[in-house]
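Since the structure comes first, as structure tokens, the remarks are kept for the end.
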Amino acid sequence: MTQTAFSMPNSIDSVDKTVLSLKDAIEGLLEDDALFRFDICVIEALTNVVKHAKTSDVNAPVQITLTLKNDKVIVDIFDPVGATYFDIREHAPDMSDIDEMAESGRGLALILQCANDVQYGPWDNQNRLSLTFENGVHE
């Protein structure tokens, strides 16, 4: 098992650069389909944290841990310190309920659909979104 820590400034301009760094760190570990799902999920999750995580310190960075474990890639995204608890599993709409022409509103549903496993909850005085990705068939 290998773990790598990342810190992202709490700004929308930092999302793409951080996602590229995460993808570089897992190069060759995920097949194309799983890498595509990883890309979608991590972009959506980090964008949502920056845009919607209400925190008492707007300058608090977003901490990310990347874990490589056997054939799995696990991305743990920690809300900035003081952020309000928000479990996406409780708030994501069903994909069939989203207007196909809508310009927004499908990010949470995409995360749930694309990751092999999604967990959320308190972890070391912060809230953590944990996304697991595996190669192979995805339901």
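By order of appearance in the structure tokens: chains A, B, ..., then residues from 1 within every chain, and ligands from 1 in the order shown.
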Leaving out segment 22-27 of chain A and any residue of its chain fewer than 2 positions from it, which residues lie within 8 Å of it when counting only C-alpha atoms, given as a PyMOL selection string? chain A and resi 18-20+29-30+39+66+68+73
Could you give me, as a PDB file with N, CA, C and O atoms, in the first residue's frame, the residues within 12 Å of Asp16 of chain A, counting only C-alpha atoms and dropping anything in the same chain fewer than 6 positions from it?
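Everything below was put into selection.pdb:
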ATOM      1  N   MET A   8      -4.540  21.181  -1.835  1.00  0.00           N
ATOM      2  CA  MET A   8      -5.028  22.037  -2.911  1.00  0.00           C
ATOM      3  C   MET A   8      -5.558  23.339  -2.333  1.00  0.00           C
ATOM      4  O   MET A   8      -6.372  23.317  -1.410  1.00  0.00           O
ATOM      5  N   PRO A   9      -5.114  24.477  -2.854  1.00  0.00           N
ATOM      6  CA  PRO A   9      -5.722  25.734  -2.416  1.00  0.00           C
ATOM      7  C   PRO A   9      -7.229  25.688  -2.678  1.00  0.00           C
ATOM      8  O   PRO A   9      -7.677  25.091  -3.661  1.00  0.00           O
ATOM      9  N   LEU A  22      -2.882  14.241  -9.547  1.00  0.00           N
ATOM     10  CA  LEU A  22      -3.397  12.955  -9.067  1.00  0.00           C
ATOM     11  C   LEU A  22      -3.314  11.899 -10.168  1.00  0.00           C
ATOM     12  O   LEU A  22      -2.919  10.754  -9.914  1.00  0.00           O
ATOM     13  N   LYS A  23      -3.674  12.277 -11.388  1.00  0.00           N
ATOM     14  CA  LYS A  23      -3.609  11.333 -12.505  1.00  0.00           C
ATOM     15  C   LYS A  23      -2.172  10.920 -12.793  1.00  0.00           C
ATOM     16  O   LYS A  23      -1.912   9.758 -13.102  1.00  0.00           O
ATOM     17  N   ASP A  39     -11.296  10.483 -13.401  1.00  0.00           N
ATOM     18  CA  ASP A  39     -11.201  11.870 -13.835  1.00  0.00           C
ATOM     19  C   ASP A  39     -12.517  12.617 -13.588  1.00  0.00           C
ATOM     20  O   ASP A  39     -12.528  13.696 -12.984  1.00  0.00           O
ATOM     21  N   ILE A  40     -13.620  12.037 -14.025  1.00  0.00           N
ATOM     22  CA  ILE A  40     -14.934  12.666 -13.832  1.00  0.00           C
ATOM     23  C   ILE A  40     -15.221  12.882 -12.349  1.00  0.00           C
ATOM     24  O   ILE A  40     -15.617  13.973 -11.933  1.00  0.00           O
ATOM     25  N   VAL A  42     -13.258  12.921  -9.613  1.00  0.00           N
ATOM     26  CA  VAL A  42     -12.369  13.803  -8.856  1.00  0.00           C
ATOM     27  C   VAL A  42     -12.598  15.266  -9.256  1.00  0.00           C
ATOM     28  O   VAL A  42     -12.640  16.145  -8.387  1.00  0.00           O
ATOM     29  N   ILE A  43     -12.791  15.522 -10.541  1.00  0.00           N
ATOM     30  CA  ILE A  43     -13.107  16.893 -10.962  1.00  0.00           C
ATOM     31  C   ILE A  43     -14.396  17.363 -10.305  1.00  0.00           C
ATOM     32  O   ILE A  43     -14.463  18.463  -9.751  1.00  0.00           O
ATOM     33  N   GLU A  44     -15.426  16.546 -10.352  1.00  0.00           N
ATOM     34  CA  GLU A  44     -16.720  16.914  -9.759  1.00  0.00           C
ATOM     35  C   GLU A  44     -16.605  17.102  -8.246  1.00  0.00           C
ATOM     36  O   GLU A  44     -17.118  18.078  -7.698  1.00  0.00           O
ATOM     37  N   ALA A  45     -15.926  16.186  -7.583  1.00  0.00           N
ATOM     38  CA  ALA A  45     -15.821  16.258  -6.121  1.00  0.00           C
ATOM     39  C   ALA A  45     -15.045  17.500  -5.680  1.00  0.00           C
ATOM     40  O   ALA A  45     -15.480  18.225  -4.770  1.00  0.00           O
ATOM     41  N   LEU A  46     -13.909  17.761  -6.308  1.00  0.00           N
ATOM     42  CA  LEU A  46     -13.112  18.924  -5.920  1.00  0.00           C
ATOM     43  C   LEU A  46     -13.822  20.232  -6.260  1.00  0.00           C
ATOM     44  O   LEU A  46     -13.783  21.186  -5.476  1.00  0.00           O
ATOM     45  N   THR A  47     -14.486  20.269  -7.392  1.00  0.00           N
ATOM     46  CA  THR A  47     -15.247  21.460  -7.761  1.00  0.00           C
ATOM     47  C   THR A  47     -16.352  21.722  -6.740  1.00  0.00           C
ATOM     48  O   THR A  47     -16.569  22.862  -6.318  1.00  0.00           O
TER      49      THR A  47
END
A:Thr4, A:Asn48, A:Ser14, A:Thr132: which is nearest Val75 of chain A, counting only C-alpha atoms?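 Residue with the minimum atom-to-atom distance to Val75 of chain A: A:Thr132.
Of note, atom CA of Met1 of chain A and atom CA of Lys69 of chain A are spaced 4.6 Å apart.
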Could you list, as a PyMOL selection string, every residue within 12 Å of Asp79 of chain A, counting only C-alpha atoms and ignoring same-chain residues fewer than 2 positions away? chain A and resi 7-10+45-58+60-65+76-77+81-87+120-130
Please produce a file of the residues just selected, as a short mmCIF file (atom, residue, chain, number, x, y, z; two decimals), in the first residue's frame, where the atoms kept are N, CA and C atoms.
data_model
loop_
_atom_site.label_atom_id
_atom_site.label_comp_id
_atom_site.auth_asym_id
_atom_site.auth_seq_id
_atom_site.Cartn_x
_atom_site.Cartn_y
_atom_site.Cartn_z
N SER A 7 -2.17 18.79 -1.20
CA SER A 7 -2.87 19.93 -0.62
C SER A 7 -3.26 20.86 -1.76
N MET A 8 -4.54 21.18 -1.84
CA MET A 8 -5.03 22.04 -2.91
C MET A 8 -5.56 23.34 -2.33
N PRO A 9 -5.11 24.48 -2.85
CA PRO A 9 -5.72 25.73 -2.42
C PRO A 9 -7.23 25.69 -2.68
N ASN A 10 -7.99 26.29 -1.80
CA ASN A 10 -9.45 26.25 -1.90
C ASN A 10 -9.93 27.25 -2.96
N ALA A 45 -15.93 16.19 -7.58
CA ALA A 45 -15.82 16.26 -6.12
C ALA A 45 -15.04 17.50 -5.68
N LEU A 46 -13.91 17.76 -6.31
CA LEU A 46 -13.11 18.92 -5.92
C LEU A 46 -13.82 20.23 -6.26
N THR A 47 -14.49 20.27 -7.39
CA THR A 47 -15.25 21.46 -7.76
C THR A 47 -16.35 21.72 -6.74
N ASN A 48 -17.04 20.66 -6.33
CA ASN A 48 -18.11 20.82 -5.34
C ASN A 48 -17.58 21.29 -4.00
N VAL A 49 -16.44 20.79 -3.58
CA VAL A 49 -15.85 21.22 -2.31
C VAL A 49 -15.55 22.72 -2.37
N VAL A 50 -14.91 23.15 -3.46
CA VAL A 50 -14.54 24.56 -3.59
C VAL A 50 -15.78 25.45 -3.64
N LYS A 51 -16.77 25.04 -4.42
CA LYS A 51 -17.94 25.89 -4.62
C LYS A 51 -18.94 25.85 -3.46
N HIS A 52 -19.05 24.70 -2.80
CA HIS A 52 -20.17 24.53 -1.88
C HIS A 52 -19.82 24.23 -0.43
N ALA A 53 -18.59 23.84 -0.12
CA ALA A 53 -18.25 23.52 1.27
C ALA A 53 -18.18 24.82 2.07
N LYS A 54 -19.17 25.02 2.89
CA LYS A 54 -19.21 26.24 3.72
C LYS A 54 -18.23 26.04 4.88
N THR A 55 -17.27 26.94 4.95
CA THR A 55 -16.24 26.83 5.98
C THR A 55 -16.01 28.18 6.64
N SER A 56 -15.55 28.14 7.86
CA SER A 56 -15.27 29.37 8.59
C SER A 56 -13.97 30.03 8.11
N ASP A 57 -13.12 29.27 7.40
CA ASP A 57 -11.85 29.79 6.90
C ASP A 57 -11.77 29.54 5.40
N VAL A 58 -12.09 30.56 4.60
CA VAL A 58 -12.12 30.40 3.14
C VAL A 58 -10.74 30.12 2.55
N ALA A 60 -8.63 27.96 3.99
CA ALA A 60 -8.20 26.62 4.41
C ALA A 60 -8.07 25.72 3.19
N PRO A 61 -6.94 25.04 3.03
CA PRO A 61 -6.75 24.19 1.85
C PRO A 61 -7.60 22.92 1.92
N VAL A 62 -7.75 22.30 0.77
CA VAL A 62 -8.43 21.01 0.67
C VAL A 62 -7.33 19.95 0.69
N GLN A 63 -7.38 19.07 1.67
CA GLN A 63 -6.38 18.02 1.79
C GLN A 63 -6.88 16.77 1.06
N ILE A 64 -5.97 16.11 0.36
CA ILE A 64 -6.31 14.93 -0.42
C ILE A 64 -5.27 13.86 -0.14
N THR A 65 -5.72 12.64 0.05
CA THR A 65 -4.81 11.50 0.20
C THR A 65 -5.12 10.50 -0.89
N ASP A 76 -9.12 10.12 -0.99
CA ASP A 76 -9.80 10.70 0.17
C ASP A 76 -9.68 12.21 0.07
N ILE A 77 -10.83 12.87 0.00
CA ILE A 77 -10.88 14.33 -0.09
C ILE A 77 -11.45 14.85 1.22
N VAL A 81 -11.18 22.67 6.97
CA VAL A 81 -11.50 22.72 8.40
C VAL A 81 -12.72 23.61 8.63
N GLY A 82 -13.65 23.10 9.42
CA GLY A 82 -14.84 23.88 9.76
C GLY A 82 -15.99 23.76 8.77
N ALA A 83 -15.80 23.00 7.70
CA ALA A 83 -16.86 22.87 6.69
C ALA A 83 -18.07 22.13 7.25
N THR A 84 -19.22 22.50 6.75
CA THR A 84 -20.47 21.87 7.14
C THR A 84 -20.54 20.45 6.58
N TYR A 85 -21.04 19.52 7.37
CA TYR A 85 -21.22 18.13 6.96
C TYR A 85 -22.17 18.07 5.76
N PHE A 86 -21.78 17.36 4.69
CA PHE A 86 -22.62 17.23 3.50
C PHE A 86 -22.32 15.89 2.84
N ASP A 87 -23.16 14.90 3.11
CA ASP A 87 -22.98 13.57 2.55
C ASP A 87 -23.66 13.53 1.19
N TYR A 120 -18.60 8.65 3.04
CA TYR A 120 -18.46 10.01 3.55
C TYR A 120 -18.69 9.99 5.05
N GLY A 121 -17.93 10.79 5.75
CA GLY A 121 -18.15 10.90 7.18
C GLY A 121 -16.99 11.56 7.87
N PRO A 122 -17.13 11.73 9.19
CA PRO A 122 -16.08 12.39 9.96
C PRO A 122 -14.80 11.54 10.01
N TRP A 123 -13.66 12.26 9.97
CA TRP A 123 -12.36 11.59 10.03
C TRP A 123 -11.35 12.60 10.57
N ASP A 124 -10.82 12.37 11.72
CA ASP A 124 -9.83 13.27 12.33
C ASP A 124 -10.28 14.73 12.34
N ASN A 125 -11.44 14.98 12.89
CA ASN A 125 -11.99 16.33 13.05
C ASN A 125 -12.33 17.03 11.73
N GLN A 126 -12.39 16.29 10.65
CA GLN A 126 -12.81 16.83 9.36
C GLN A 126 -13.80 15.85 8.74
N ASN A 127 -14.48 16.32 7.70
CA ASN A 127 -15.34 15.43 6.93
C ASN A 127 -14.54 14.93 5.74
N ARG A 128 -14.72 13.64 5.42
CA ARG A 128 -13.93 13.02 4.35
C ARG A 128 -14.84 12.33 3.35
N LEU A 129 -14.61 12.60 2.08
CA LEU A 129 -15.24 11.88 0.99
C LEU A 129 -14.21 10.90 0.46
N SER A 130 -14.54 9.62 0.48
CA SER A 130 -13.61 8.59 0.03
C SER A 130 -14.18 7.93 -1.23
#
So what do you get for atom CA of Ser21 of chain A versus atom CA of Pro80 of chain A, distance-wise?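 Interatomic distance, atom CA of Ser21 of chain A to atom CA of Pro80 of chain A: 19.4 Å.
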Strand (DSSP E) call set, DSSP backbone run, chain A, as a compact mmCIF listing (two decimals) with N, CA, C and O atoms, in the first residue's frame:
# COMPACT_ATOMS: atom_id res chain seq x y z
N THR A 2 0.55 2.17 -0.87
CA THR A 2 1.27 3.42 -0.98
C THR A 2 0.31 4.57 -0.79
O THR A 2 -0.78 4.57 -1.37
N GLN A 3 0.69 5.56 0.03
CA GLN A 3 -0.13 6.74 0.23
C GLN A 3 0.66 7.99 -0.12
O GLN A 3 1.85 8.09 0.20
N THR A 4 -0.03 8.93 -0.78
CA THR A 4 0.57 10.21 -1.12
C THR A 4 -0.41 11.30 -0.72
O THR A 4 -1.61 11.20 -0.99
N ALA A 5 0.10 12.34 -0.06
CA ALA A 5 -0.74 13.45 0.38
C ALA A 5 -0.59 14.63 -0.58
O ALA A 5 0.51 14.90 -1.08
N PHE A 6 -1.70 15.27 -0.83
CA PHE A 6 -1.75 16.46 -1.68
C PHE A 6 -2.49 17.55 -0.91
O PHE A 6 -3.37 17.25 -0.10
N SER A 7 -2.17 18.79 -1.20
CA SER A 7 -2.87 19.93 -0.62
C SER A 7 -3.26 20.86 -1.76
O SER A 7 -2.40 21.24 -2.56
N MET A 8 -4.54 21.18 -1.84
CA MET A 8 -5.03 22.04 -2.91
C MET A 8 -5.56 23.34 -2.33
O MET A 8 -6.37 23.32 -1.41
N VAL A 62 -7.75 22.30 0.77
CA VAL A 62 -8.43 21.01 0.67
C VAL A 62 -7.33 19.95 0.69
O VAL A 62 -6.42 19.97 -0.15
N GLN A 63 -7.38 19.07 1.67
CA GLN A 63 -6.38 18.02 1.79
C GLN A 63 -6.88 16.77 1.06
O GLN A 63 -8.05 16.42 1.15
N ILE A 64 -5.97 16.11 0.36
CA ILE A 64 -6.31 14.93 -0.42
C ILE A 64 -5.27 13.86 -0.14
O ILE A 64 -4.07 14.14 -0.10
N THR A 65 -5.72 12.64 0.05
CA THR A 65 -4.81 11.50 0.20
C THR A 65 -5.12 10.50 -0.89
O THR A 65 -6.27 10.12 -1.09
N LEU A 66 -4.10 10.09 -1.60
CA LEU A 66 -4.23 9.10 -2.66
C LEU A 66 -3.60 7.80 -2.15
O LEU A 66 -2.44 7.79 -1.75
N THR A 67 -4.39 6.74 -2.12
CA THR A 67 -3.91 5.44 -1.64
C THR A 67 -3.96 4.43 -2.77
O THR A 67 -5.00 4.27 -3.42
N LEU A 68 -2.85 3.76 -3.00
CA LEU A 68 -2.77 2.70 -3.99
C LEU A 68 -2.69 1.40 -3.21
O LEU A 68 -1.73 1.16 -2.48
N LYS A 69 -3.72 0.59 -3.36
CA LYS A 69 -3.84 -0.62 -2.54
C LYS A 69 -4.28 -1.77 -3.43
O LYS A 69 -5.41 -1.79 -3.92
N LYS A 72 -6.67 -1.31 -6.35
CA LYS A 72 -7.59 -0.21 -6.10
C LYS A 72 -6.84 1.11 -5.98
O LYS A 72 -5.72 1.15 -5.49
N VAL A 73 -7.52 2.16 -6.40
CA VAL A 73 -7.05 3.52 -6.17
C VAL A 73 -8.11 4.19 -5.31
O VAL A 73 -9.29 4.19 -5.66
N ILE A 74 -7.71 4.72 -4.17
CA ILE A 74 -8.64 5.37 -3.24
C ILE A 74 -8.23 6.83 -3.10
O ILE A 74 -7.07 7.12 -2.80
N VAL A 75 -9.19 7.71 -3.34
CA VAL A 75 -8.96 9.15 -3.20
C VAL A 75 -9.79 9.62 -2.01
O VAL A 75 -11.01 9.48 -2.01
N ASP A 76 -9.12 10.12 -0.99
CA ASP A 76 -9.80 10.70 0.17
C ASP A 76 -9.68 12.21 0.07
O ASP A 76 -8.57 12.75 0.04
N ILE A 77 -10.83 12.87 0.00
CA ILE A 77 -10.88 14.33 -0.09
C ILE A 77 -11.45 14.85 1.22
O ILE A 77 -12.57 14.50 1.59
N PHE A 78 -10.66 15.64 1.91
CA PHE A 78 -11.06 16.17 3.21
C PHE A 78 -11.58 17.59 3.03
O PHE A 78 -10.91 18.44 2.44
N ASP A 117 -16.88 2.74 -5.16
CA ASP A 117 -17.39 2.85 -3.80
C ASP A 117 -17.27 4.31 -3.37
O ASP A 117 -16.28 4.98 -3.69
N VAL A 118 -18.29 4.79 -2.66
CA VAL A 118 -18.32 6.16 -2.16
C VAL A 118 -18.66 6.11 -0.68
O VAL A 118 -19.66 5.52 -0.29
N GLN A 119 -17.81 6.70 0.14
CA GLN A 119 -18.05 6.80 1.58
C GLN A 119 -17.89 8.25 1.99
O GLN A 119 -17.11 8.99 1.38
N TYR A 120 -18.60 8.65 3.04
CA TYR A 120 -18.46 10.01 3.55
C TYR A 120 -18.69 9.99 5.05
O TYR A 120 -19.56 9.27 5.53
N GLY A 121 -17.93 10.79 5.75
CA GLY A 121 -18.15 10.90 7.18
C GLY A 121 -16.99 11.56 7.87
O GLY A 121 -15.99 11.93 7.25
N PRO A 122 -17.13 11.73 9.19
CA PRO A 122 -16.08 12.39 9.96
C PRO A 122 -14.80 11.54 10.01
O PRO A 122 -14.86 10.32 10.08
N TRP A 123 -13.66 12.26 9.97
CA TRP A 123 -12.36 11.59 10.03
C TRP A 123 -11.35 12.60 10.57
O TRP A 123 -11.10 13.62 9.94
N GLN A 126 -12.39 16.29 10.65
CA GLN A 126 -12.81 16.83 9.36
C GLN A 126 -13.80 15.85 8.74
O GLN A 126 -13.92 14.72 9.17
N ASN A 127 -14.48 16.32 7.70
CA ASN A 127 -15.34 15.43 6.93
C ASN A 127 -14.54 14.93 5.74
O ASN A 127 -13.80 15.68 5.12
N ARG A 128 -14.72 13.64 5.42
CA ARG A 128 -13.93 13.02 4.35
C ARG A 128 -14.84 12.33 3.35
O ARG A 128 -15.71 11.54 3.73
N LEU A 129 -14.61 12.60 2.08
CA LEU A 129 -15.24 11.88 0.99
C LEU A 129 -14.21 10.90 0.46
O LEU A 129 -13.11 11.31 0.08
N SER A 130 -14.54 9.62 0.48
CA SER A 130 -13.61 8.59 0.03
C SER A 130 -14.18 7.93 -1.23
O SER A 130 -15.29 7.40 -1.22
N LEU A 131 -13.41 7.98 -2.30
CA LEU A 131 -13.82 7.43 -3.59
C LEU A 131 -12.86 6.30 -3.97
O LEU A 131 -11.64 6.51 -3.97
N THR A 132 -13.41 5.14 -4.30
CA THR A 132 -12.60 3.98 -4.68
C THR A 132 -12.83 3.67 -6.16
O THR A 132 -13.97 3.68 -6.63
N PHE A 133 -11.73 3.36 -6.84
CA PHE A 133 -11.78 3.03 -8.27
C PHE A 133 -11.03 1.72 -8.49
O PHE A 133 -9.96 1.52 -7.94
N GLU A 134 -11.64 0.86 -9.31
CA GLU A 134 -11.04 -0.42 -9.64
C GLU A 134 -11.17 -0.66 -11.13
O GLU A 134 -12.10 -0.18 -11.77
I need the alpha helix (DSSP H) residues of chain A per DSSP on the backbone, written as a short mmCIF file (atom, residue, chain, number, x, y, z; two decimals) with N, CA and C atoms, in the first residue's frame.
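Wrote it out as part-v3.cif, contents follow:
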data_model
loop_
_atom_site.label_atom_id
_atom_site.label_comp_id
_atom_site.auth_asym_id
_atom_site.auth_seq_id
_atom_site.Cartn_x
_atom_site.Cartn_y
_atom_site.Cartn_z
N VAL A 15 -8.33 23.30 -9.27
CA VAL A 15 -8.90 21.96 -9.49
C VAL A 15 -8.20 21.21 -10.62
N ASP A 16 -8.11 21.80 -11.79
CA ASP A 16 -7.52 21.09 -12.93
C ASP A 16 -6.08 20.67 -12.67
N LYS A 17 -5.29 21.57 -12.12
CA LYS A 17 -3.88 21.26 -11.83
C LYS A 17 -3.78 20.10 -10.82
N THR A 18 -4.64 20.11 -9.82
CA THR A 18 -4.62 19.04 -8.82
C THR A 18 -5.02 17.71 -9.43
N VAL A 19 -6.06 17.72 -10.26
CA VAL A 19 -6.50 16.48 -10.91
C VAL A 19 -5.39 15.92 -11.79
N LEU A 20 -4.68 16.78 -12.51
CA LEU A 20 -3.56 16.32 -13.33
C LEU A 20 -2.46 15.70 -12.47
N SER A 21 -2.18 16.29 -11.32
CA SER A 21 -1.18 15.74 -10.41
C SER A 21 -1.60 14.37 -9.89
N LEU A 22 -2.88 14.24 -9.55
CA LEU A 22 -3.40 12.95 -9.07
C LEU A 22 -3.31 11.90 -10.17
N LYS A 23 -3.67 12.28 -11.39
CA LYS A 23 -3.61 11.33 -12.51
C LYS A 23 -2.17 10.92 -12.79
N ASP A 24 -1.23 11.86 -12.68
CA ASP A 24 0.18 11.51 -12.86
C ASP A 24 0.63 10.49 -11.83
N ALA A 25 0.13 10.62 -10.61
CA ALA A 25 0.52 9.72 -9.51
C ALA A 25 -0.01 8.30 -9.69
N ASP A 32 -8.23 2.44 -19.13
CA ASP A 32 -8.86 3.64 -19.69
C ASP A 32 -10.23 3.94 -19.10
N ASP A 33 -11.09 2.92 -18.99
CA ASP A 33 -12.44 3.13 -18.46
C ASP A 33 -12.40 3.62 -17.02
N ALA A 34 -11.60 2.96 -16.20
CA ALA A 34 -11.50 3.35 -14.79
C ALA A 34 -10.85 4.72 -14.64
N LEU A 35 -9.87 5.02 -15.48
CA LEU A 35 -9.22 6.33 -15.44
C LEU A 35 -10.19 7.44 -15.84
N PHE A 36 -11.05 7.17 -16.81
CA PHE A 36 -12.08 8.13 -17.22
C PHE A 36 -13.04 8.39 -16.07
N ARG A 37 -13.47 7.33 -15.38
CA ARG A 37 -14.38 7.49 -14.23
C ARG A 37 -13.69 8.25 -13.10
N PHE A 38 -12.42 7.95 -12.86
CA PHE A 38 -11.62 8.65 -11.85
C PHE A 38 -11.59 10.14 -12.16
N ASP A 39 -11.30 10.48 -13.40
CA ASP A 39 -11.20 11.87 -13.83
C ASP A 39 -12.52 12.62 -13.59
N ILE A 40 -13.62 12.04 -14.03
CA ILE A 40 -14.93 12.67 -13.83
C ILE A 40 -15.22 12.88 -12.35
N CYS A 41 -15.05 11.85 -11.57
CA CYS A 41 -15.38 11.93 -10.14
C CYS A 41 -14.54 12.95 -9.39
N VAL A 42 -13.26 12.92 -9.61
CA VAL A 42 -12.37 13.80 -8.86
C VAL A 42 -12.60 15.27 -9.26
N ILE A 43 -12.79 15.52 -10.54
CA ILE A 43 -13.11 16.89 -10.96
C ILE A 43 -14.40 17.36 -10.30
N GLU A 44 -15.43 16.55 -10.35
CA GLU A 44 -16.72 16.91 -9.76
C GLU A 44 -16.61 17.10 -8.25
N ALA A 45 -15.93 16.19 -7.58
CA ALA A 45 -15.82 16.26 -6.12
C ALA A 45 -15.04 17.50 -5.68
N LEU A 46 -13.91 17.76 -6.31
CA LEU A 46 -13.11 18.92 -5.92
C LEU A 46 -13.82 20.23 -6.26
N THR A 47 -14.49 20.27 -7.39
CA THR A 47 -15.25 21.46 -7.76
C THR A 47 -16.35 21.72 -6.74
N ASN A 48 -17.04 20.66 -6.33
CA ASN A 48 -18.11 20.82 -5.34
C ASN A 48 -17.58 21.29 -4.00
N VAL A 49 -16.44 20.79 -3.58
CA VAL A 49 -15.85 21.22 -2.31
C VAL A 49 -15.55 22.72 -2.37
N VAL A 50 -14.91 23.15 -3.46
CA VAL A 50 -14.54 24.56 -3.59
C VAL A 50 -15.78 25.45 -3.64
N LYS A 51 -16.77 25.04 -4.42
CA LYS A 51 -17.94 25.89 -4.62
C LYS A 51 -18.94 25.85 -3.46
N HIS A 52 -19.05 24.70 -2.80
CA HIS A 52 -20.17 24.53 -1.88
C HIS A 52 -19.82 24.23 -0.43
N ILE A 88 -22.86 13.42 0.13
CA ILE A 88 -23.43 13.47 -1.22
C ILE A 88 -24.40 12.32 -1.46
N ARG A 89 -24.21 11.20 -0.76
CA ARG A 89 -25.10 10.05 -0.96
C ARG A 89 -26.53 10.39 -0.55
N GLU A 90 -26.68 11.35 0.35
CA GLU A 90 -28.02 11.74 0.81
C GLU A 90 -28.64 12.82 -0.07
N HIS A 91 -27.85 13.47 -0.91
CA HIS A 91 -28.33 14.62 -1.68
C HIS A 91 -28.30 14.43 -3.20
N GLY A 107 -23.49 16.56 -11.08
CA GLY A 107 -22.18 16.20 -10.52
C GLY A 107 -22.23 15.16 -9.43
N LEU A 108 -23.13 15.33 -8.45
CA LEU A 108 -23.21 14.36 -7.35
C LEU A 108 -23.64 12.98 -7.87
N ALA A 109 -24.59 12.97 -8.79
CA ALA A 109 -25.06 11.71 -9.35
C ALA A 109 -23.94 11.02 -10.15
N LEU A 110 -23.15 11.81 -10.87
CA LEU A 110 -22.02 11.25 -11.62
C LEU A 110 -21.00 10.61 -10.69
N ILE A 111 -20.73 11.26 -9.58
CA ILE A 111 -19.77 10.69 -8.63
C ILE A 111 -20.27 9.32 -8.15
N LEU A 112 -21.53 9.26 -7.77
CA LEU A 112 -22.08 7.99 -7.28
C LEU A 112 -22.11 6.93 -8.37
N GLN A 113 -22.33 7.34 -9.60
CA GLN A 113 -22.40 6.39 -10.70
C GLN A 113 -21.03 5.92 -11.15
N CYS A 114 -20.03 6.75 -11.07
CA CYS A 114 -18.72 6.44 -11.64
C CYS A 114 -17.73 5.78 -10.69
#
